[in-house]
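Participant: Would you mind keeping the following structure in view while I ask a few things?
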Amino acid sequence: MIRRIATVGGLTLVSRLSGFVRDVVMAAILGAGPLADAFFVAFRLPNHFRAIFAEGAFAAAFVPAYARTLEQVGLPAAKLFADRIASALILINLVLLGIALLFTPEVVSVLAPGLSDDPERFELAVALTRITFPYLALVSLQTLFSGILNANNRFATAASAPVLLNLSLIATLLLAPFFPDAGHAAAWGVLIAGVLQVLVVGGDAETHGYGLRFRLPRFDPETRRFLKALGPAIIGAGGVQLALFADTLIASYLPTGALSALYYADRINQLPIGVVGIAVGTVLLPEMSRRLAAGDTAGAASAQARGIQLALLLTIPCAAAAIAIPDLTMRALFARGAFTAEDALAAGHTLAAYSLGLIPFVLLRSFTAPFYARGDTATPVKAALLAAAVNVGLKVVLMGPLAQVGLALATSIGAWINLVLLAILARRQGFAVSGAAIGGPVTKLAVIGVIFTAALFAGAMGLDTALSGLSMFRDEMALGILVTLGSVLYFAMVFLILGRRWFMGLLREVEREAELPAPKESVLIEDVTDDAESLPDSEPPPKF
C-alpha cells in the first residue's frame with residue numbers, strides 16, 4: 001500500500017509542478033486583465049460542475065460500488081455495472097452540454113453577473129465558455145475510467161491524467177499567435193486536454209480488459225445503492241463548490257484583475273493542500289477503518305493523532321512562507337511578461353489571506369476520517385454546508401472593503417469553522433482525538449511556526465537590501481535563498497525542540513500503519529450475478 005501512496009502522491013506532485021509551469025506561462029501570456037478574467041470564468045464554470053458531479057460526487061459513489069461488485073461477484077458483473085452507469089453518464093452529460101451551449105449567455109450571466117456591465121469581457125467569456133464546457137463531459141468519462149482502473153489496483157495512468165491538462169495549456173498558449181487571442185488559445189487547450197485524458201486513461205482501461213461498452217441502464221439493486229450514495233455526495237460536493245461559485249460570482253463585480261489575483265493565489269495555496277492533504281488522508285482513512293473494524297478504538301485515535309502531527313509538520317512552513325513573504329513569492333514566480341508587479345502585489349495580498357486557512361484545509365481530511373471510517377457520511381456534510389453558508393455571507397460583507405482579499409479571507413474563516421465543527425461533533429459522539437495525544441507536539445509545532453514566520457520576514461528584508469544591486473532575477477534569487485536556508489532552519493528547529501526521536505518515530509509509525517493489510521469487503525451484492533452470466537459471448541456491444 002505504501003508503494004501505491006507514493007505513486008499517487010508522486011504523480012500528484014508532478015501534476016502540481018507542471019501546473020505551476022502552466023501558470024507561469026499563463027501569467028506571462030494572459031496577464032491579469034480582461035482577457036485573463038474572461039478565460040478564468042470560462043475555465044471555472046466546467047470545473048465547478050466537474051468537481052460536483054464528476055471527480056467529486058460521482059467518484060465518491062461509483063468507486064465503492066464498482067469495487068464491491070468486483071470483490072463479491074467478479075469482473076464480468078463489475079464491467080456490466082460500469083457499462084450501464086457509463087451509458088447513463090454520457091446521456092446526462094450530452095443533455096447538460098446541449099443546454100449549456102444553447103444558453104451560454106444566460107449561464108454566464110447567472111454565474112458571473114458582474115461581467116454583464118462590461119460587454120467586452122462578457123462576450124469573450126461567453127465565446128470561451130462554449131469552447132471549454134465540453135471538457136465537463138470528457139472529464140466525467142475520464143473519471144469513470146479512472147475509478148475503474150483504481151478499483152483494479154492500477155493507479156499510475158489515472159493519477160497522471162491531470163498532467164495532460166497542464167501540458168496542453170502550455171502548448172496552446174505558446175502557440176497563441178495562431179489563435180484569435182491568448183484566451184482562445186487557452187480555451188482550446190482545455191478542450192484538447194479533455195480529449196487526451198479520455199484517450200490515455202480509456203486506452204489503458206481497454207488494454208487491460210476494463211474497457212466500456214454501451215448498455216441500457218437498469219435500476220437494479222446495485223444501481224439503487226449507487227444512487228443512494230450519490231445523493232449525499234452531490235450535496236457535500238455542492239456545499240464545497242458553493243463557496244467557489246460565490247468567488248466567481250462576487251469577483252465578477254470587482255475591478256478588472258480580481259479574478260486573476262484569486263486564481264494565481266489559490267494555485268499556490270493549493271499545492272500543500274493537494275500534496276499533503278491527499279497523502280495523509282490516503283493513509284489515515286483505511287488505517288482507521290481497519291482498526292475500528294478490529295475494535296481497536298485507541299489505535300484508531302492514535303493513527304488520527306499521528307496523521308494530524310504529520311500534516312502540521314509539512315504544512316506549517318508553507319503557511320509561514322505565505323504569511324511572511326507573499327508578495328515576494330508572487331513576484332518571483334509570476335511577475336514577468338503581461339503579469340506586472342502590481343498584479344503580483346494584488347495576488348500576494350490574496351495569498352496571505354488564503355494562507356490563514358491553509359492549516360484547516362489540510363487537516364480537514366484527518367478530521368473527517370473518523371466519521372467516514374464509521375460509515376457516517378452525513379455529519380461531515382452538515383459541517384461543510386454550515387461552514388459554506390458562513391463563508392458566502394462573509395464574502396458579501398468583506399468584498400466591499402477588501403475586494404478579492406476579502407473573498408480569500410472569508411474562505412479561510414470558513415475552513416476554520418468547518419474544522420472546529422468537526423472537532424466538536426466528534427467529541428459529542430465520543431471519538432474526538434485526545435488532547436493528550438497531540439497537545440505537546442502541536443503546541444511545539446505552533447511555536448516553531450511563529451519563530452519561522454518571523455525569521456522569513458526578517459530574512460526577506462535583509463535580502464532586499466543585500467540584493468538591491470541586482471538588475472535581474474533579484475526576486476527569484478531571494479526566494480531561492482529563503483527556501484533553501486529556511487528549510488534547513490525549520491527542520492533544525494524541529495529536531496531541536498521536538499527531538500530526532502519524535503521525528504523518526506512519527507515517520508516510522510506512519511509507514512508501519514500504511515503497510516497493514518486491508519480486510520476484504522463484506523457487503524453482499526444481490527441480483528447482479530444473473531446479469532453477469534447473461535453477457536453475450538459474441539458480437540460485443542459498440543465501444544466508446
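Chain identifiers are assigned as A, B, and so on, following the order in which chains appear in the C-alpha cells; residues are numbered from 1 within each chain, and ligands are numbered from 1 in order of appearance.
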So which residues touch region 17-24 of chain A within 10 Å, counting only C-alpha atoms, skipping near sequence neighbours fewer than 2 positions away, as a ChimeraX atom specification?

Facilitator: /A:11-15,26-31,162-171,173,263-264,267-268,271,333-337,339

Participant: Could you turn the residues from that selection into a file that holds C-alpha atoms, as a compact mmCIF listing (two decimals), in the first residue's frame?

Facilitator:
# COMPACT_ATOMS: atom_id res chain seq x y z
CA LEU A 11 2.33 11.90 -9.62
CA THR A 12 0.18 14.45 -7.81
CA LEU A 13 3.34 16.41 -7.10
CA VAL A 14 4.36 16.15 -10.76
CA SER A 15 0.91 17.44 -11.70
CA MET A 26 -0.32 31.71 -18.45
CA ALA A 27 0.65 34.73 -16.34
CA ALA A 28 3.25 35.82 -18.88
CA ILE A 29 0.93 35.48 -21.88
CA LEU A 30 -2.56 36.14 -20.47
CA GLY A 31 -1.55 38.58 -17.74
CA PRO A 162 -4.12 15.91 -14.85
CA VAL A 163 -0.61 16.46 -16.21
CA LEU A 164 -2.11 16.35 -19.71
CA LEU A 165 -4.23 19.42 -18.96
CA ASN A 166 -1.15 21.37 -17.93
CA LEU A 167 0.87 20.27 -20.96
CA SER A 168 -2.00 21.01 -23.33
CA LEU A 169 -2.48 24.53 -21.95
CA ILE A 170 1.25 25.24 -22.10
CA ALA A 171 1.37 24.09 -25.73
CA LEU A 173 -0.53 29.24 -25.03
CA TYR A 263 -6.74 32.32 -9.37
CA TYR A 264 -2.96 32.71 -9.04
CA ARG A 267 -2.92 27.94 -7.22
CA ILE A 268 -0.03 28.46 -4.78
CA LEU A 271 -0.01 23.00 -3.59
CA LEU A 333 7.01 33.11 -9.60
CA PHE A 334 4.78 35.14 -11.91
CA ALA A 335 5.92 38.77 -12.40
CA ARG A 336 7.05 38.64 -16.00
CA GLY A 337 5.55 39.38 -19.39
CA PHE A 339 1.88 39.94 -15.34

Participant: Restricting the calculation to only C-alpha atoms: of A:Ala324, A:Gly499, A:Leu89, A:Thr453, which residue gets closest to Leu138 (chain A)?

Facilitator: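 That would be A:Leu89, the residue with the smallest distance to Leu138 (chain A).
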
Participant: Which residue, A:Leu482, A:Leu456, A:Leu174, A:Leu310, has the smallest gap to Gly505 (chain A) when you use only C-alpha atoms?

Facilitator: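 Closest candidate: A:Leu310.
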
Participant: So how many Å separate CA of Ile413 (chain A) and CA of Gly348 (chain A), to one decimal?

Facilitator: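 Those two atoms sit 18.2 Å apart.
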
Participant: From region 58-228 of chain A, collect each residue whose DSSP state is helix (DSSP H, G or I) and return the set as a short mmCIF file (atom, residue, chain, number, x, y, z; two decimals) with N, CA and C atoms, in the first residue's frame.

Facilitator:
data_model
loop_
_atom_site.label_atom_id
_atom_site.label_comp_id
_atom_site.auth_asym_id
_atom_site.auth_seq_id
_atom_site.Cartn_x
_atom_site.Cartn_y
_atom_site.Cartn_z
N PHE A 58 -19.54 11.86 -8.13
CA PHE A 58 -19.60 10.63 -8.91
C PHE A 58 -18.50 9.66 -8.50
N ALA A 59 -17.28 10.16 -8.36
CA ALA A 59 -16.18 9.28 -7.98
C ALA A 59 -16.41 8.68 -6.60
N ALA A 60 -16.93 9.49 -5.65
CA ALA A 60 -17.16 9.01 -4.29
C ALA A 60 -18.21 7.92 -4.25
N ALA A 61 -19.20 7.97 -5.14
CA ALA A 61 -20.26 6.97 -5.14
C ALA A 61 -19.92 5.77 -6.03
N PHE A 62 -19.26 6.02 -7.17
CA PHE A 62 -19.04 4.93 -8.13
C PHE A 62 -17.94 3.96 -7.69
N VAL A 63 -16.82 4.49 -7.22
CA VAL A 63 -15.68 3.62 -6.92
C VAL A 63 -16.02 2.56 -5.88
N PRO A 64 -16.66 2.92 -4.74
CA PRO A 64 -17.01 1.85 -3.80
C PRO A 64 -17.99 0.83 -4.38
N ALA A 65 -18.97 1.31 -5.16
CA ALA A 65 -19.95 0.39 -5.74
C ALA A 65 -19.28 -0.57 -6.73
N TYR A 66 -18.43 -0.03 -7.57
CA TYR A 66 -17.73 -0.89 -8.54
C TYR A 66 -16.81 -1.87 -7.83
N ALA A 67 -16.05 -1.39 -6.84
CA ALA A 67 -15.13 -2.26 -6.12
C ALA A 67 -15.88 -3.35 -5.36
N ARG A 68 -17.04 -3.02 -4.80
CA ARG A 68 -17.84 -4.01 -4.08
C ARG A 68 -18.33 -5.10 -5.04
N THR A 69 -18.81 -4.70 -6.21
CA THR A 69 -19.27 -5.67 -7.20
C THR A 69 -18.11 -6.53 -7.68
N LEU A 70 -16.97 -5.92 -7.91
CA LEU A 70 -15.79 -6.66 -8.36
C LEU A 70 -15.35 -7.68 -7.32
N GLU A 71 -15.37 -7.29 -6.05
CA GLU A 71 -14.90 -8.17 -4.98
C GLU A 71 -15.86 -9.31 -4.73
N GLN A 72 -17.17 -9.04 -4.75
CA GLN A 72 -18.15 -10.05 -4.34
C GLN A 72 -18.66 -10.92 -5.48
N LEU A 75 -15.35 -9.77 -12.11
CA LEU A 75 -15.13 -8.74 -13.12
C LEU A 75 -16.27 -8.61 -14.13
N PRO A 76 -16.87 -9.71 -14.65
CA PRO A 76 -17.96 -9.53 -15.62
C PRO A 76 -19.11 -8.70 -15.07
N ALA A 77 -19.51 -8.96 -13.82
CA ALA A 77 -20.60 -8.19 -13.23
C ALA A 77 -20.18 -6.74 -13.02
N ALA A 78 -18.94 -6.52 -12.60
CA ALA A 78 -18.46 -5.15 -12.40
C ALA A 78 -18.44 -4.40 -13.73
N LYS A 79 -18.01 -5.06 -14.79
CA LYS A 79 -17.99 -4.41 -16.10
C LYS A 79 -19.40 -4.07 -16.56
N LEU A 80 -20.36 -4.98 -16.31
CA LEU A 80 -21.74 -4.71 -16.69
C LEU A 80 -22.29 -3.50 -15.95
N PHE A 81 -22.00 -3.43 -14.65
CA PHE A 81 -22.43 -2.28 -13.85
C PHE A 81 -21.80 -0.99 -14.39
N ALA A 82 -20.51 -1.01 -14.68
CA ALA A 82 -19.83 0.18 -15.20
C ALA A 82 -20.39 0.58 -16.56
N ASP A 83 -20.69 -0.40 -17.42
CA ASP A 83 -21.24 -0.10 -18.74
C ASP A 83 -22.57 0.65 -18.62
N ARG A 84 -23.42 0.18 -17.72
CA ARG A 84 -24.74 0.80 -17.56
C ARG A 84 -24.62 2.20 -16.97
N ILE A 85 -23.75 2.37 -15.98
CA ILE A 85 -23.56 3.69 -15.40
C ILE A 85 -22.94 4.64 -16.42
N ALA A 86 -22.02 4.13 -17.23
CA ALA A 86 -21.37 4.95 -18.25
C ALA A 86 -22.38 5.45 -19.27
N SER A 87 -23.28 4.58 -19.70
CA SER A 87 -24.28 4.99 -20.69
C SER A 87 -25.16 6.10 -20.13
N ALA A 88 -25.60 5.94 -18.87
CA ALA A 88 -26.42 6.98 -18.25
C ALA A 88 -25.62 8.28 -18.09
N LEU A 89 -24.34 8.15 -17.73
CA LEU A 89 -23.50 9.32 -17.54
C LEU A 89 -23.34 10.10 -18.84
N ILE A 90 -23.13 9.39 -19.92
CA ILE A 90 -22.95 10.06 -21.21
C ILE A 90 -24.23 10.77 -21.64
N LEU A 91 -25.38 10.13 -21.46
CA LEU A 91 -26.65 10.76 -21.83
C LEU A 91 -26.89 12.02 -21.03
N ILE A 92 -26.64 11.98 -19.72
CA ILE A 92 -26.83 13.15 -18.86
C ILE A 92 -25.90 14.27 -19.28
N ASN A 93 -24.66 13.94 -19.57
CA ASN A 93 -23.70 14.97 -19.97
C ASN A 93 -24.05 15.59 -21.31
N LEU A 94 -24.57 14.79 -22.24
CA LEU A 94 -24.97 15.34 -23.54
C LEU A 94 -26.12 16.32 -23.39
N VAL A 95 -27.08 15.98 -22.53
CA VAL A 95 -28.20 16.89 -22.30
C VAL A 95 -27.69 18.19 -21.65
N LEU A 96 -26.84 18.05 -20.63
CA LEU A 96 -26.29 19.21 -19.95
C LEU A 96 -25.46 20.07 -20.90
N LEU A 97 -24.68 19.41 -21.75
CA LEU A 97 -23.86 20.14 -22.72
C LEU A 97 -24.72 20.90 -23.71
N GLY A 98 -25.79 20.25 -24.19
CA GLY A 98 -26.68 20.92 -25.13
C GLY A 98 -27.32 22.16 -24.53
N ILE A 99 -27.78 22.03 -23.28
CA ILE A 99 -28.39 23.19 -22.60
C ILE A 99 -27.37 24.30 -22.42
N ALA A 100 -26.14 23.92 -22.00
CA ALA A 100 -25.11 24.93 -21.74
C ALA A 100 -24.73 25.67 -23.02
N LEU A 101 -24.62 24.95 -24.13
CA LEU A 101 -24.23 25.60 -25.39
C LEU A 101 -25.34 26.49 -25.95
N LEU A 102 -26.60 26.07 -25.74
CA LEU A 102 -27.72 26.88 -26.24
C LEU A 102 -27.93 28.13 -25.40
N THR A 104 -25.59 29.64 -23.24
CA THR A 104 -24.33 30.07 -22.64
C THR A 104 -24.39 31.49 -22.10
N PRO A 105 -24.94 32.47 -22.82
CA PRO A 105 -25.00 33.83 -22.25
C PRO A 105 -25.77 33.86 -20.92
N GLU A 106 -26.87 33.11 -20.86
CA GLU A 106 -27.65 33.09 -19.62
C GLU A 106 -26.87 32.42 -18.49
N VAL A 107 -26.12 31.34 -18.82
CA VAL A 107 -25.33 30.65 -17.80
C VAL A 107 -24.26 31.59 -17.26
N VAL A 108 -23.57 32.30 -18.14
CA VAL A 108 -22.53 33.23 -17.70
C VAL A 108 -23.14 34.38 -16.91
N SER A 109 -24.32 34.84 -17.32
CA SER A 109 -24.98 35.94 -16.60
C SER A 109 -25.35 35.54 -15.19
N VAL A 110 -25.77 34.28 -15.02
CA VAL A 110 -26.16 33.81 -13.69
C VAL A 110 -24.95 33.60 -12.79
N LEU A 111 -23.91 32.99 -13.34
CA LEU A 111 -22.77 32.60 -12.52
C LEU A 111 -21.69 33.68 -12.42
N PRO A 113 -22.49 37.44 -12.94
CA PRO A 113 -23.34 38.55 -13.39
C PRO A 113 -22.61 39.88 -13.51
N GLY A 114 -21.54 40.04 -12.77
CA GLY A 114 -20.81 41.30 -12.83
C GLY A 114 -20.21 41.58 -14.19
N LEU A 115 -19.99 40.54 -14.98
CA LEU A 115 -19.42 40.74 -16.32
C LEU A 115 -20.40 41.41 -17.27
N SER A 116 -21.70 41.36 -16.96
CA SER A 116 -22.69 41.96 -17.84
C SER A 116 -22.49 43.47 -17.98
N ASP A 117 -21.84 44.09 -16.98
CA ASP A 117 -21.57 45.52 -17.05
C ASP A 117 -20.38 45.85 -17.94
N PRO A 119 -19.37 44.71 -21.53
CA PRO A 119 -19.74 43.91 -22.70
C PRO A 119 -18.56 43.16 -23.32
N GLU A 120 -17.38 43.77 -23.32
CA GLU A 120 -16.23 43.11 -23.94
C GLU A 120 -15.87 41.83 -23.18
N ARG A 121 -15.74 41.94 -21.85
CA ARG A 121 -15.41 40.76 -21.06
C ARG A 121 -16.53 39.73 -21.13
N PHE A 122 -17.79 40.18 -21.12
CA PHE A 122 -18.92 39.24 -21.13
C PHE A 122 -18.95 38.43 -22.42
N GLU A 123 -18.86 39.11 -23.57
CA GLU A 123 -18.91 38.40 -24.85
C GLU A 123 -17.74 37.43 -24.99
N LEU A 124 -16.57 37.86 -24.52
CA LEU A 124 -15.41 36.98 -24.59
C LEU A 124 -15.59 35.77 -23.68
N ALA A 125 -16.14 35.98 -22.48
CA ALA A 125 -16.38 34.87 -21.56
C ALA A 125 -17.38 33.88 -22.16
N VAL A 126 -18.41 34.38 -22.83
CA VAL A 126 -19.38 33.50 -23.48
C VAL A 126 -18.73 32.67 -24.58
N ALA A 127 -17.93 33.32 -25.41
CA ALA A 127 -17.26 32.61 -26.51
C ALA A 127 -16.31 31.54 -25.98
N LEU A 128 -15.56 31.88 -24.95
CA LEU A 128 -14.60 30.92 -24.41
C LEU A 128 -15.30 29.79 -23.67
N THR A 129 -16.42 30.07 -23.00
CA THR A 129 -17.16 29.03 -22.29
C THR A 129 -17.72 28.00 -23.26
N ARG A 130 -18.14 28.42 -24.44
CA ARG A 130 -18.65 27.47 -25.43
C ARG A 130 -17.55 26.51 -25.89
N ILE A 131 -16.30 26.96 -25.80
CA ILE A 131 -15.19 26.08 -26.15
C ILE A 131 -14.83 25.15 -24.99
N THR A 132 -14.85 25.67 -23.77
CA THR A 132 -14.37 24.88 -22.63
C THR A 132 -15.42 23.95 -22.04
N PRO A 134 -17.49 21.60 -23.10
CA PRO A 134 -17.45 20.17 -23.39
C PRO A 134 -16.42 19.41 -22.56
N TYR A 135 -15.47 20.13 -21.97
CA TYR A 135 -14.49 19.48 -21.10
C TYR A 135 -15.18 18.72 -19.96
N LEU A 136 -16.35 19.22 -19.51
CA LEU A 136 -17.08 18.54 -18.44
C LEU A 136 -17.45 17.12 -18.83
N ALA A 137 -18.01 16.94 -20.03
CA ALA A 137 -18.39 15.60 -20.48
C ALA A 137 -17.17 14.69 -20.62
N LEU A 138 -16.09 15.25 -21.15
CA LEU A 138 -14.88 14.45 -21.34
C LEU A 138 -14.27 14.04 -20.01
N VAL A 139 -14.18 14.97 -19.06
CA VAL A 139 -13.55 14.63 -17.79
C VAL A 139 -14.46 13.72 -16.97
N SER A 140 -15.76 13.77 -17.17
CA SER A 140 -16.67 12.83 -16.50
C SER A 140 -16.37 11.40 -16.95
N LEU A 141 -16.18 11.23 -18.25
CA LEU A 141 -15.86 9.91 -18.77
C LEU A 141 -14.48 9.48 -18.31
N GLN A 142 -13.53 10.42 -18.27
CA GLN A 142 -12.19 10.10 -17.78
C GLN A 142 -12.23 9.69 -16.31
N THR A 143 -13.08 10.34 -15.51
CA THR A 143 -13.23 9.99 -14.10
C THR A 143 -13.76 8.58 -13.94
N LEU A 144 -14.70 8.21 -14.81
CA LEU A 144 -15.23 6.84 -14.78
C LEU A 144 -14.14 5.83 -15.08
N PHE A 145 -13.37 6.06 -16.12
CA PHE A 145 -12.25 5.17 -16.44
C PHE A 145 -11.25 5.12 -15.29
N SER A 146 -10.96 6.27 -14.68
CA SER A 146 -10.00 6.31 -13.58
C SER A 146 -10.49 5.49 -12.40
N GLY A 147 -11.78 5.61 -12.08
CA GLY A 147 -12.34 4.82 -10.99
C GLY A 147 -12.23 3.33 -11.23
N ILE A 148 -12.47 2.92 -12.46
CA ILE A 148 -12.36 1.50 -12.81
C ILE A 148 -10.91 1.03 -12.65
N LEU A 149 -9.98 1.81 -13.15
CA LEU A 149 -8.56 1.44 -13.04
C LEU A 149 -8.13 1.37 -11.57
N ASN A 150 -8.50 2.36 -10.78
CA ASN A 150 -8.11 2.37 -9.37
C ASN A 150 -8.69 1.17 -8.62
N ALA A 151 -9.94 0.83 -8.91
CA ALA A 151 -10.55 -0.32 -8.25
C ALA A 151 -9.87 -1.62 -8.63
N ALA A 156 -1.35 4.52 -11.71
CA ALA A 156 -0.41 5.46 -12.32
C ALA A 156 -1.05 6.29 -13.43
N THR A 157 -1.74 5.64 -14.36
CA THR A 157 -2.30 6.37 -15.50
C THR A 157 -3.35 7.38 -15.05
N ALA A 158 -4.23 6.95 -14.15
CA ALA A 158 -5.28 7.86 -13.67
C ALA A 158 -4.67 9.04 -12.93
N ALA A 159 -3.64 8.79 -12.11
CA ALA A 159 -3.03 9.88 -11.35
C ALA A 159 -2.26 10.84 -12.23
N SER A 160 -1.78 10.37 -13.37
CA SER A 160 -1.00 11.24 -14.26
C SER A 160 -1.87 12.02 -15.24
N ALA A 161 -3.17 11.70 -15.33
CA ALA A 161 -4.03 12.36 -16.31
C ALA A 161 -4.06 13.87 -16.17
N PRO A 162 -4.10 14.44 -14.95
CA PRO A 162 -4.12 15.91 -14.85
C PRO A 162 -2.90 16.59 -15.47
N VAL A 163 -1.80 15.87 -15.59
CA VAL A 163 -0.61 16.46 -16.21
C VAL A 163 -0.91 16.85 -17.65
N LEU A 164 -1.79 16.07 -18.31
CA LEU A 164 -2.11 16.35 -19.71
C LEU A 164 -2.78 17.71 -19.87
N LEU A 165 -3.60 18.10 -18.89
CA LEU A 165 -4.23 19.42 -18.96
C LEU A 165 -3.17 20.51 -18.92
N ASN A 166 -2.21 20.36 -18.03
CA ASN A 166 -1.15 21.37 -17.93
C ASN A 166 -0.32 21.45 -19.20
N LEU A 167 0.06 20.29 -19.74
CA LEU A 167 0.87 20.27 -20.96
C LEU A 167 0.11 20.84 -22.15
N SER A 168 -1.18 20.52 -22.22
CA SER A 168 -2.00 21.01 -23.33
C SER A 168 -2.13 22.54 -23.27
N LEU A 169 -2.37 23.08 -22.08
CA LEU A 169 -2.48 24.53 -21.95
C LEU A 169 -1.16 25.23 -22.26
N ILE A 170 -0.06 24.65 -21.80
CA ILE A 170 1.25 25.24 -22.10
C ILE A 170 1.47 25.28 -23.61
N ALA A 171 1.15 24.17 -24.29
CA ALA A 171 1.37 24.09 -25.73
C ALA A 171 0.53 25.11 -26.49
N THR A 172 -0.77 25.20 -26.18
CA THR A 172 -1.63 26.12 -26.92
C THR A 172 -1.29 27.58 -26.61
N LEU A 173 -0.91 27.87 -25.36
CA LEU A 173 -0.53 29.24 -25.03
C LEU A 173 0.75 29.65 -25.75
N LEU A 174 1.70 28.72 -25.89
CA LEU A 174 2.90 29.04 -26.64
C LEU A 174 2.61 29.24 -28.12
N ALA A 176 -0.14 30.77 -29.11
CA ALA A 176 -1.19 31.78 -29.09
C ALA A 176 -1.24 32.66 -30.34
N PRO A 177 -0.10 32.98 -30.99
CA PRO A 177 -0.19 33.81 -32.21
C PRO A 177 -1.04 33.19 -33.31
N PHE A 178 -1.25 31.87 -33.26
CA PHE A 178 -2.05 31.21 -34.30
C PHE A 178 -3.54 31.18 -33.97
N ALA A 182 -4.96 35.10 -26.93
CA ALA A 182 -4.43 34.12 -25.96
C ALA A 182 -5.55 33.42 -25.19
N GLY A 183 -6.68 34.12 -24.98
CA GLY A 183 -7.81 33.49 -24.29
C GLY A 183 -8.36 32.32 -25.08
N HIS A 184 -8.51 32.49 -26.40
CA HIS A 184 -8.97 31.38 -27.24
C HIS A 184 -7.95 30.24 -27.26
N ALA A 185 -6.68 30.58 -27.24
CA ALA A 185 -5.64 29.54 -27.20
C ALA A 185 -5.77 28.70 -25.94
N ALA A 186 -5.95 29.36 -24.79
CA ALA A 186 -6.08 28.64 -23.53
C ALA A 186 -7.36 27.80 -23.51
N ALA A 187 -8.45 28.36 -24.03
CA ALA A 187 -9.73 27.62 -24.03
C ALA A 187 -9.62 26.34 -24.88
N TRP A 188 -9.01 26.45 -26.04
CA TRP A 188 -8.83 25.25 -26.87
C TRP A 188 -7.88 24.26 -26.20
N GLY A 189 -6.92 24.76 -25.42
CA GLY A 189 -6.04 23.87 -24.67
C GLY A 189 -6.81 23.03 -23.68
N VAL A 190 -7.82 23.63 -23.04
CA VAL A 190 -8.65 22.88 -22.09
C VAL A 190 -9.40 21.77 -22.82
N LEU A 191 -10.02 22.10 -23.95
CA LEU A 191 -10.80 21.09 -24.68
C LEU A 191 -9.90 19.97 -25.20
N ILE A 192 -8.76 20.31 -25.75
CA ILE A 192 -7.82 19.30 -26.25
C ILE A 192 -7.37 18.39 -25.11
N ALA A 193 -7.15 18.97 -23.94
CA ALA A 193 -6.74 18.17 -22.78
C ALA A 193 -7.80 17.14 -22.42
N GLY A 194 -9.07 17.52 -22.48
CA GLY A 194 -10.14 16.57 -22.18
C GLY A 194 -10.11 15.38 -23.11
N VAL A 195 -9.90 15.65 -24.40
CA VAL A 195 -9.82 14.55 -25.38
C VAL A 195 -8.63 13.65 -25.07
N LEU A 196 -7.48 14.24 -24.78
CA LEU A 196 -6.28 13.45 -24.50
C LEU A 196 -6.46 12.61 -23.24
N GLN A 197 -7.09 13.16 -22.22
CA GLN A 197 -7.29 12.42 -20.97
C GLN A 197 -8.16 11.19 -21.20
N VAL A 198 -9.23 11.35 -21.96
CA VAL A 198 -10.10 10.21 -22.25
C VAL A 198 -9.35 9.14 -23.05
N LEU A 199 -8.59 9.58 -24.04
CA LEU A 199 -7.87 8.62 -24.88
C LEU A 199 -6.82 7.85 -24.08
N VAL A 200 -6.07 8.54 -23.22
CA VAL A 200 -4.98 7.89 -22.48
C VAL A 200 -5.54 6.98 -21.40
N VAL A 201 -6.44 7.50 -20.57
CA VAL A 201 -6.97 6.69 -19.46
C VAL A 201 -7.90 5.60 -20.00
N GLY A 202 -8.74 5.93 -20.97
CA GLY A 202 -9.60 4.92 -21.58
C GLY A 202 -8.80 3.87 -22.31
N GLY A 203 -7.72 4.29 -22.96
CA GLY A 203 -6.87 3.31 -23.64
C GLY A 203 -6.21 2.34 -22.69
N ASP A 204 -5.79 2.83 -21.53
CA ASP A 204 -5.21 1.94 -20.53
C ASP A 204 -6.24 0.95 -20.02
N ALA A 205 -7.47 1.43 -19.78
CA ALA A 205 -8.53 0.52 -19.33
C ALA A 205 -8.84 -0.54 -20.38
N GLU A 206 -8.90 -0.13 -21.63
CA GLU A 206 -9.20 -1.09 -22.71
C GLU A 206 -8.08 -2.10 -22.86
N THR A 207 -6.84 -1.66 -22.75
CA THR A 207 -5.70 -2.55 -22.91
C THR A 207 -5.69 -3.66 -21.87
N PRO A 221 -30.50 -3.53 -7.92
CA PRO A 221 -30.12 -3.20 -6.54
C PRO A 221 -28.80 -2.45 -6.43
N GLU A 222 -27.80 -2.82 -7.21
CA GLU A 222 -26.52 -2.14 -7.09
C GLU A 222 -26.61 -0.71 -7.61
N THR A 223 -27.40 -0.49 -8.65
CA THR A 223 -27.60 0.87 -9.15
C THR A 223 -28.33 1.72 -8.13
N ARG A 224 -29.33 1.12 -7.47
CA ARG A 224 -30.05 1.86 -6.43
C ARG A 224 -29.10 2.21 -5.28
N ARG A 225 -28.24 1.28 -4.92
CA ARG A 225 -27.27 1.55 -3.86
C ARG A 225 -26.31 2.67 -4.28
N PHE A 226 -25.93 2.65 -5.55
CA PHE A 226 -25.05 3.70 -6.08
C PHE A 226 -25.74 5.06 -6.03
N LEU A 227 -27.01 5.12 -6.45
CA LEU A 227 -27.74 6.38 -6.45
C LEU A 227 -27.97 6.89 -5.03
N LYS A 228 -28.18 5.95 -4.09
CA LYS A 228 -28.37 6.35 -2.70
C LYS A 228 -27.11 7.01 -2.13
#

Participant: Quick one: residues within 9 Å of Thr315 (chain A), only C-alpha atoms, excluding same-chain residues fewer than 5 positions away - as an MDAnalysis selection string?

Facilitator: chainID A and resid 272:273 276 310 320 358:359 362

Participant: Would you output that residue set with C-alpha atoms, as a PDB file, in the first residue's frame?

Facilitator:
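Contents of out.pdb, freshly written:
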ATOM      1  CA  PRO A 272       0.305  21.854   0.066  1.00  0.00           C
ATOM      2  CA  ILE A 273      -3.430  21.117   0.234  1.00  0.00           C
ATOM      3  CA  VAL A 276      -0.027  16.879   1.935  1.00  0.00           C
ATOM      4  CA  LEU A 310       2.442  14.756  10.171  1.00  0.00           C
ATOM      5  CA  ALA A 320       4.573  30.611   7.353  1.00  0.00           C
ATOM      6  CA  LEU A 358      -4.202  26.612   4.904  1.00  0.00           C
ATOM      7  CA  ILE A 359      -3.814  24.546   8.086  1.00  0.00           C
ATOM      8  CA  VAL A 362      -5.044  20.378   5.048  1.00  0.00           C
TER       9      VAL A 362
END

Participant: Closest to Val447 (chain A) among A:Ala261, A:Asn47, A:Gly462, A:Leu498, using only C-alpha atoms?

Facilitator: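 Closest candidate: A:Leu498.
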